[in-house]
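Undergrad: What follows is work24.pdb; its format and atoms are PDB, C-alpha atoms.
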ATOM      1  CA  MET A1163      25.159 -22.074 -54.904
ATOM      2  CA  ASN A1164      26.884 -21.755 -51.514
ATOM      3  CA  ASN A1165      26.599 -17.957 -51.655
ATOM      4  CA  THR A1166      22.892 -18.265 -52.419
ATOM      5  CA  ARG A1167      22.376 -20.585 -49.420
ATOM      6  CA  ARG A1168      24.275 -18.189 -47.128
ATOM      7  CA  THR A1169      22.175 -15.273 -48.352
ATOM      8  CA  ILE A1170      18.962 -17.244 -47.804
ATOM      9  CA  LYS A1171      20.127 -18.382 -44.330
ATOM     10  CA  SER A1172      21.151 -14.820 -43.416
ATOM     11  CA  GLY A1173      17.866 -13.481 -44.750
ATOM     12  CA  THR A1174      15.953 -16.135 -42.801
ATOM     13  CA  LEU A1175      17.824 -15.279 -39.584
ATOM     14  CA  VAL A1176      17.111 -11.585 -40.045
ATOM     15  CA  LEU A1177      13.447 -12.350 -40.743
ATOM     16  CA  VAL A1178      13.205 -14.623 -37.652
ATOM     17  CA  ALA A1179      14.853 -11.910 -35.530
ATOM     18  CA  LEU A1180      12.450  -9.247 -36.828
ATOM     19  CA  LEU A1181       9.447 -11.495 -36.195
ATOM     20  CA  SER A1182      10.707 -12.155 -32.651
ATOM     21  CA  PHE A1183      10.860  -8.413 -31.942
ATOM     22  CA  ALA A1184       7.381  -7.959 -33.381
ATOM     23  CA  VAL A1185       5.993 -10.671 -31.079
ATOM     24  CA  VAL A1186       7.733  -9.123 -28.043
ATOM     25  CA  ASP A1187       6.443  -5.646 -28.973
ATOM     26  CA  ALA A1188       2.896  -6.991 -29.390
ATOM     27  CA  ALA A1189       3.061  -8.719 -25.997
ATOM     28  CA  ALA A1190       4.390  -5.560 -24.340
ATOM     29  CA  ALA A1191       1.640  -3.508 -25.950
ATOM     30  CA  GLN A1192      -0.986  -5.824 -24.453
ATOM     31  CA  ASP A1193       0.492  -5.324 -20.968
ATOM     32  CA  ALA A1194       0.711  -1.529 -21.287
ATOM     33  CA  TRP A1195      -2.147   0.689 -20.164
ATOM     34  CA  PRO A1196      -4.066   2.006 -23.219
ATOM     35  CA  ALA A1197      -2.862   5.515 -24.067
ATOM     36  CA  SER A1198      -6.446   6.693 -24.550
ATOM     37  CA  GLN A1199      -7.362   5.975 -20.899
ATOM     38  CA  PRO A1200      -5.964   7.724 -17.815
ATOM     39  CA  VAL A1201      -3.936   5.485 -15.523
ATOM     40  CA  PRO A1202      -5.881   4.990 -12.283
ATOM     41  CA  ARG A1203      -4.096   6.575  -9.329
ATOM     42  CA  ARG A1204      -4.507   5.345  -5.789
ATOM     43  CA  LEU A1205      -2.959   7.311  -2.942
ATOM     44  CA  VAL A1206      -2.705   6.407   0.726
ATOM     45  CA  LEU A1207      -2.548   9.626   2.736
ATOM     46  CA  VAL A1208      -1.462   9.417   6.382
ATOM     47  CA  SER A1209      -1.739  12.377   8.744
ATOM     48  CA  LEU A1210       0.477  11.906  11.786
ATOM     49  CA  ALA A1211      -1.127  14.962  13.417
ATOM     50  CA  ASP A1212      -4.668  13.582  12.959
ATOM     51  CA  ARG A1213      -3.619   9.949  13.464
ATOM     52  CA  GLN A1214      -5.697   8.962  10.472
ATOM     53  CA  LEU A1215      -5.178   7.271   7.131
ATOM     54  CA  ALA A1216      -7.248   7.807   3.972
ATOM     55  CA  VAL A1217      -7.326   5.885   0.706
ATOM     56  CA  ILE A1218      -7.917   8.234  -2.224
ATOM     57  CA  GLU A1219      -8.739   7.149  -5.770
ATOM     58  CA  GLY A1220      -8.763   9.960  -8.282
ATOM     59  CA  ARG A1221     -10.321  12.728  -6.224
ATOM     60  CA  ASN A1222     -12.530  10.508  -4.046
ATOM     61  CA  VAL A1223     -11.794   9.389  -0.492
ATOM     62  CA  VAL A1224     -12.909   5.751  -0.555
ATOM     63  CA  ALA A1225     -11.939   4.815   3.012
ATOM     64  CA  ARG A1226     -10.626   6.443   6.151
ATOM     65  CA  PHE A1227      -9.252   4.770   9.284
ATOM     66  CA  ALA A1228      -7.908   5.725  12.709
ATOM     67  CA  VAL A1229      -4.251   4.719  13.181
ATOM     68  CA  ALA A1230      -1.433   4.634  15.712
ATOM     69  CA  VAL A1231       1.757   6.388  14.647
ATOM     70  CA  GLY A1232       5.381   6.382  15.807
ATOM     71  CA  ALA A1233       6.131   7.282  19.405
ATOM     72  CA  ALA A1234       8.338  10.316  20.193
ATOM     73  CA  ASP A1235      11.458   8.118  20.518
ATOM     74  CA  SER A1236      10.685   6.165  17.308
ATOM     75  CA  PRO A1237       8.804   8.556  14.991
ATOM     76  CA  SER A1238       7.133   7.547  11.744
ATOM     77  CA  PRO A1239       9.034   8.569   8.619
ATOM     78  CA  VAL A1240       7.652  11.538   6.695
ATOM     79  CA  GLY A1241       7.585  11.702   2.918
ATOM     80  CA  GLN A1242       6.424   9.817  -0.137
ATOM     81  CA  PHE A1243       6.877   6.055  -0.348
ATOM     82  CA  ARG A1244       5.621   3.150  -2.442
ATOM     83  CA  ILE A1245       4.101  -0.146  -1.373
ATOM     84  CA  VAL A1246       6.679  -2.848  -2.061
ATOM     85  CA  ASN A1247       5.057  -5.957  -0.559
ATOM     86  CA  ARG A1248       1.861  -7.316   0.993
ATOM     87  CA  VAL A1249       1.796 -10.228   3.461
ATOM     88  CA  SER A1250      -1.185 -12.048   4.994
ATOM     89  CA  ASN A1251      -0.663 -13.567   8.454
ATOM     90  CA  PRO A1252       2.951 -12.365   8.732
ATOM     91  CA  THR A1253       5.622 -13.713  11.051
ATOM     92  CA  TYR A1254       7.290 -11.053  13.218
ATOM     93  CA  TYR A1255      11.060 -11.174  13.586
ATOM     94  CA  ARG A1256      13.012  -9.295  16.224
ATOM     95  CA  PRO A1257      16.487  -9.906  17.651
ATOM     96  CA  GLY A1258      16.363 -13.080  19.715
ATOM     97  CA  SER A1259      12.823 -14.166  18.864
ATOM     98  CA  VAL A1260      10.369 -15.050  16.146
ATOM     99  CA  ILE A1261       6.631 -14.571  16.700
ATOM    100  CA  PRO A1262       4.431 -16.602  14.337
ATOM    101  CA  SER A1263       1.120 -15.314  13.010
ATOM    102  CA  GLY A1264      -1.628 -15.368  15.613
ATOM    103  CA  LYS A1265      -3.144 -13.296  18.394
ATOM    104  CA  ASP A1266       0.212 -12.462  20.006
ATOM    105  CA  ASN A1267       1.784 -11.141  16.800
ATOM    106  CA  PRO A1268       2.581  -7.413  17.243
ATOM    107  CA  ILE A1269       2.047  -6.678  13.532
ATOM    108  CA  GLY A1270      -1.386  -8.292  13.479
ATOM    109  CA  THR A1271      -2.907 -10.182  10.593
ATOM    110  CA  ARG A1272      -1.648  -8.109   7.626
ATOM    111  CA  TRP A1273       1.569  -6.305   6.653
ATOM    112  CA  VAL A1274       2.023  -3.781   3.840
ATOM    113  CA  GLY A1275       5.715  -2.929   3.427
ATOM    114  CA  LEU A1276       6.897   0.502   2.347
ATOM    115  CA  SER A1277       9.853   1.447   0.166
ATOM    116  CA  GLN A1278      11.672   2.696   3.280
ATOM    117  CA  LYS A1279      13.155  -0.526   4.641
ATOM    118  CA  GLY A1280      11.741  -1.673   7.962
ATOM    119  CA  TYR A1281       8.591   0.468   7.816
ATOM    120  CA  GLY A1282       5.076  -0.510   6.904
ATOM    121  CA  ILE A1283       1.375  -0.328   7.569
ATOM    122  CA  HIS A1284       0.084  -3.223   9.656
ATOM    123  CA  GLY A1285      -2.399  -4.551  12.175
ATOM    124  CA  THR A1286      -1.721  -4.855  15.891
ATOM    125  CA  ASN A1287      -2.229  -7.044  18.938
ATOM    126  CA  VAL A1288      -2.705  -3.848  21.009
ATOM    127  CA  PRO A1289      -5.839  -2.213  19.534
ATOM    128  CA  ARG A1290      -6.064   0.311  22.392
ATOM    129  CA  SER A1291      -2.930   1.961  20.935
ATOM    130  CA  ILE A1292      -4.934   3.198  17.930
ATOM    131  CA  GLY A1293      -5.244   6.980  18.007
ATOM    132  CA  HIS A1294      -1.959   7.377  19.884
ATOM    133  CA  ALA A1295       1.728   7.889  19.129
ATOM    134  CA  ALA A1296       2.687   4.396  20.240
ATOM    135  CA  SER A1297       4.433   2.423  17.477
ATOM    136  CA  HIS A1298       8.095   1.941  16.596
ATOM    137  CA  GLY A1299       7.558   4.105  13.496
ATOM    138  CA  CYS A1300       5.096   2.004  11.520
ATOM    139  CA  ILE A1301       1.458   2.911  10.930
ATOM    140  CA  ARG A1302      -0.860   0.588  12.899
ATOM    141  CA  LEU A1303      -4.548  -0.156  12.412
ATOM    142  CA  ARG A1304      -6.990  -2.425  14.225
ATOM    143  CA  ASN A1305      -6.757  -5.856  12.616
ATOM    144  CA  ARG A1306     -10.250  -5.737  11.086
ATOM    145  CA  ASP A1307      -9.505  -2.294   9.594
ATOM    146  CA  MET A1308      -6.137  -3.482   8.314
ATOM    147  CA  GLU A1309      -7.789  -6.488   6.663
ATOM    148  CA  ARG A1310     -10.181  -4.159   4.854
ATOM    149  CA  LEU A1311      -7.388  -1.744   3.895
ATOM    150  CA  PHE A1312      -5.302  -4.669   2.619
ATOM    151  CA  THR A1313      -7.982  -5.446  -0.004
ATOM    152  CA  LEU A1314      -7.798  -1.858  -1.303
ATOM    153  CA  LEU A1315      -4.026  -1.645  -1.766
ATOM    154  CA  ARG A1316      -1.650  -2.925  -4.451
ATOM    155  CA  ILE A1317       2.106  -3.068  -4.821
ATOM    156  CA  GLY A1318       3.224   0.214  -6.373
ATOM    157  CA  ASP A1319       0.536   2.365  -4.737
ATOM    158  CA  VAL A1320       1.853   5.669  -3.371
ATOM    159  CA  VAL A1321       1.857   6.326   0.389
ATOM    160  CA  GLU A1322       2.315   9.909   1.593
ATOM    161  CA  ILE A1323       2.990  10.401   5.290
ATOM    162  CA  HIS A1324       2.541  14.004   6.442
ATOM    163  CA  GLY A1325       3.967  15.170   9.751
ATOM    164  CA  GLU A1326       2.126  18.483   9.739
ATOM    165  CA  ARG A1327      -1.249  19.640   8.551
ATOM    166  CA  ASP A1328      -1.259  21.275   5.157
ATOM    167  CA  GLU A1329      -4.109  22.172   2.829
ATOM    168  CA  GLN A1330      -4.375  18.649   1.382
ATOM    169  CA  VAL A1331      -4.407  16.999   4.817
ATOM    170  CA  ALA A1332      -6.951  19.468   6.171
ATOM    171  CA  GLN A1333      -9.267  18.931   3.208
ATOM    172  CA  VAL A1334      -9.217  15.142   3.576
ATOM    173  CA  PHE A1335      -9.337  14.820   7.346
ATOM    174  CA  ASP A1336     -11.644  17.729   8.151
ATOM    175  CA  GLY A1337     -14.399  15.849   6.345
ATOM    176  CA  THR A1338     -14.668  18.127   3.306
ATOM    177  CA  ALA A1339     -13.435  15.428   0.901
ATOM    178  CA  ASN A1340     -16.550  13.470  -0.017
ATOM    179  CA  PRO A1341     -17.735  12.582   3.521
ATOM    180  CA  THR A1342     -20.427  10.173   2.290
ATOM    181  CA  MET A1343     -17.738   7.949   0.726
ATOM    182  CA  VAL A1344     -16.050   7.432   4.103
ATOM    183  CA  ALA A1345     -19.095   6.777   6.287
ATOM    184  CA  ASP A1346     -18.713   2.995   6.119
ATOM    185  CA  ALA A1347     -15.011   3.142   7.000
ATOM    186  CA  GLN A1348     -15.654   5.528   9.891
ATOM    187  CA  ASP A1349     -18.373   3.263  11.297
ATOM    188  CA  SER A1350     -16.002   0.290  11.261
ATOM    189  CA  THR A1351     -13.238   2.194  13.072
ATOM    190  CA  GLN A1352     -15.489   3.703  15.731
ATOM    191  CA  SER A1353     -17.178   0.532  16.976
ATOM    192  CA  VAL A1354     -14.835  -0.839  19.646
ATOM    193  CA  ASN A1355     -15.723  -3.455  22.248
ATOM    194  CA  PRO A1356     -14.829  -1.754  25.559
ATOM    195  CA  ALA A1357     -14.173  -5.107  27.218
ATOM    196  CA  THR A1358     -11.508  -6.178  24.730
ATOM    197  CA  GLY A1359     -10.482  -2.859  23.186
ATOM    198  CA  GLN A1360     -11.197  -4.354  19.739
TER     199      GLN A1360
END
Kindly transcribe the structure held in the file into structure tokens.
TA:
Amino acid sequence: MNNTRRTIKSGTLVLVALLSFAVVDAAAAQDAWPASQPVPRRLVLVSLADRQLAVIEGRNVVARFAVAVGAADSPSPVGQFRIVNRVSNPTYYRPGSVIPSGKDNPIGTRWVGLSQKGYGIHGTNVPRSIGHAASHGCIRLRNRDMERLFTLLRIGDVVEIHGERDEQVAQVFDGTANPTMVADAQDSTQSVNPATGQ
């Protein structure tokens, strides 16, 4: 009788364990992207030479913005990175001081952190720097452009920063990559109040 109970208990434990794995596998399958559909790919392409940033989904440029890039003594990193965090109304920390969110914050109203520690894409409290090599290595946008860009980006998206023009950069930033898709973004980056620089 005892042997029968042990066999039943062992069999029950094995069955419970197998059912547990089945439930975990089913849950994982629900989170996975269906194999029959292509995984959507979003790419942020930054051209340091053009001082522009484009958001590309599939083969379509969905937005394009003017940016400030790293100054000669603090250049922007070049290469492929991933977005690792997104922060609304960030606090800026530097040795000896903390600057809360607000109009004096040098990283503006939004921060998108890159996989290279200390670098990101962000707004600015100096909008007249856009179009210049003026940052400490990060990619800067006008706050209103950064707020729009922020809505388009997710953690895990790929960011490619190119230091020189190549075929891909030329195609995107010379206007040959679906120019009608970027008209709205261009309009928003070109309207600047001369009195405020914003």
Undergrad: In the coordinates of the file, take the point (-1.7, -12.8, 19.5) and a cut-off of 12 Å; then, counting all atoms listed in the file, name each qualifying protein, DNA or RNA residue as a PyMOL selection string.
TA: chain A and resi 1251-1254+1261-1271+1285-1289+1305
Undergrad: Quick one: distance from CA of Gly1282 in chain A to CA of Leu1205 in chain A in Å, one decimal?
TA: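 Between CA of Gly1282 in chain A and CA of Leu1205 in chain A the gap works out to 14.9 Å.
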Undergrad: Taking the file as shown, what set of residues would the PyMOL selection byres ((chain A and resi 1318-1325) around 8) give back, as JSON, numbers by chain?
TA: {"A": [1203, 1204, 1205, 1206, 1207, 1208, 1209, 1210, 1211, 1239, 1240, 1241, 1242, 1243, 1244, 1245, 1246, 1276, 1315, 1316, 1317, 1326, 1327, 1331]}
Undergrad: For CA of His1284 in chain A and CA of Asp1212 in chain A, quote the distance in Å rounded to one decimal.
TA: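 Between these atoms lies a distance of 17.8 Å.
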Undergrad: Once the PyMOL selection byres ((chain A and resi 1294) around 12) is applied to the coordinates I shared, what remains selected? I want it as a PyMOL selection string.
TA: chain A and resi 1210-1214+1228-1234+1237+1288-1293+1295-1299+1301-1303
Undergrad: Could you check how far CA of Val1224 in chain A sits from CA of Ser1277 in chain A, in Å to one decimal?
TA: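 Rounded to one decimal, the two atoms are 23.2 Å apart.
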Undergrad: How big is the axis-aligned box, and where does its centre sit, when it encloses all atoms of range 1295-1301 of chain A listed in the file and has 5 Å added on every side, reported in Å to one decimal as AutoDock Vina command-line options?
TA:
--center_x 4.8 --center_y 4.9 --center_z 15.6 --size_x 16.6 --size_y 15.9 --size_z 19.3
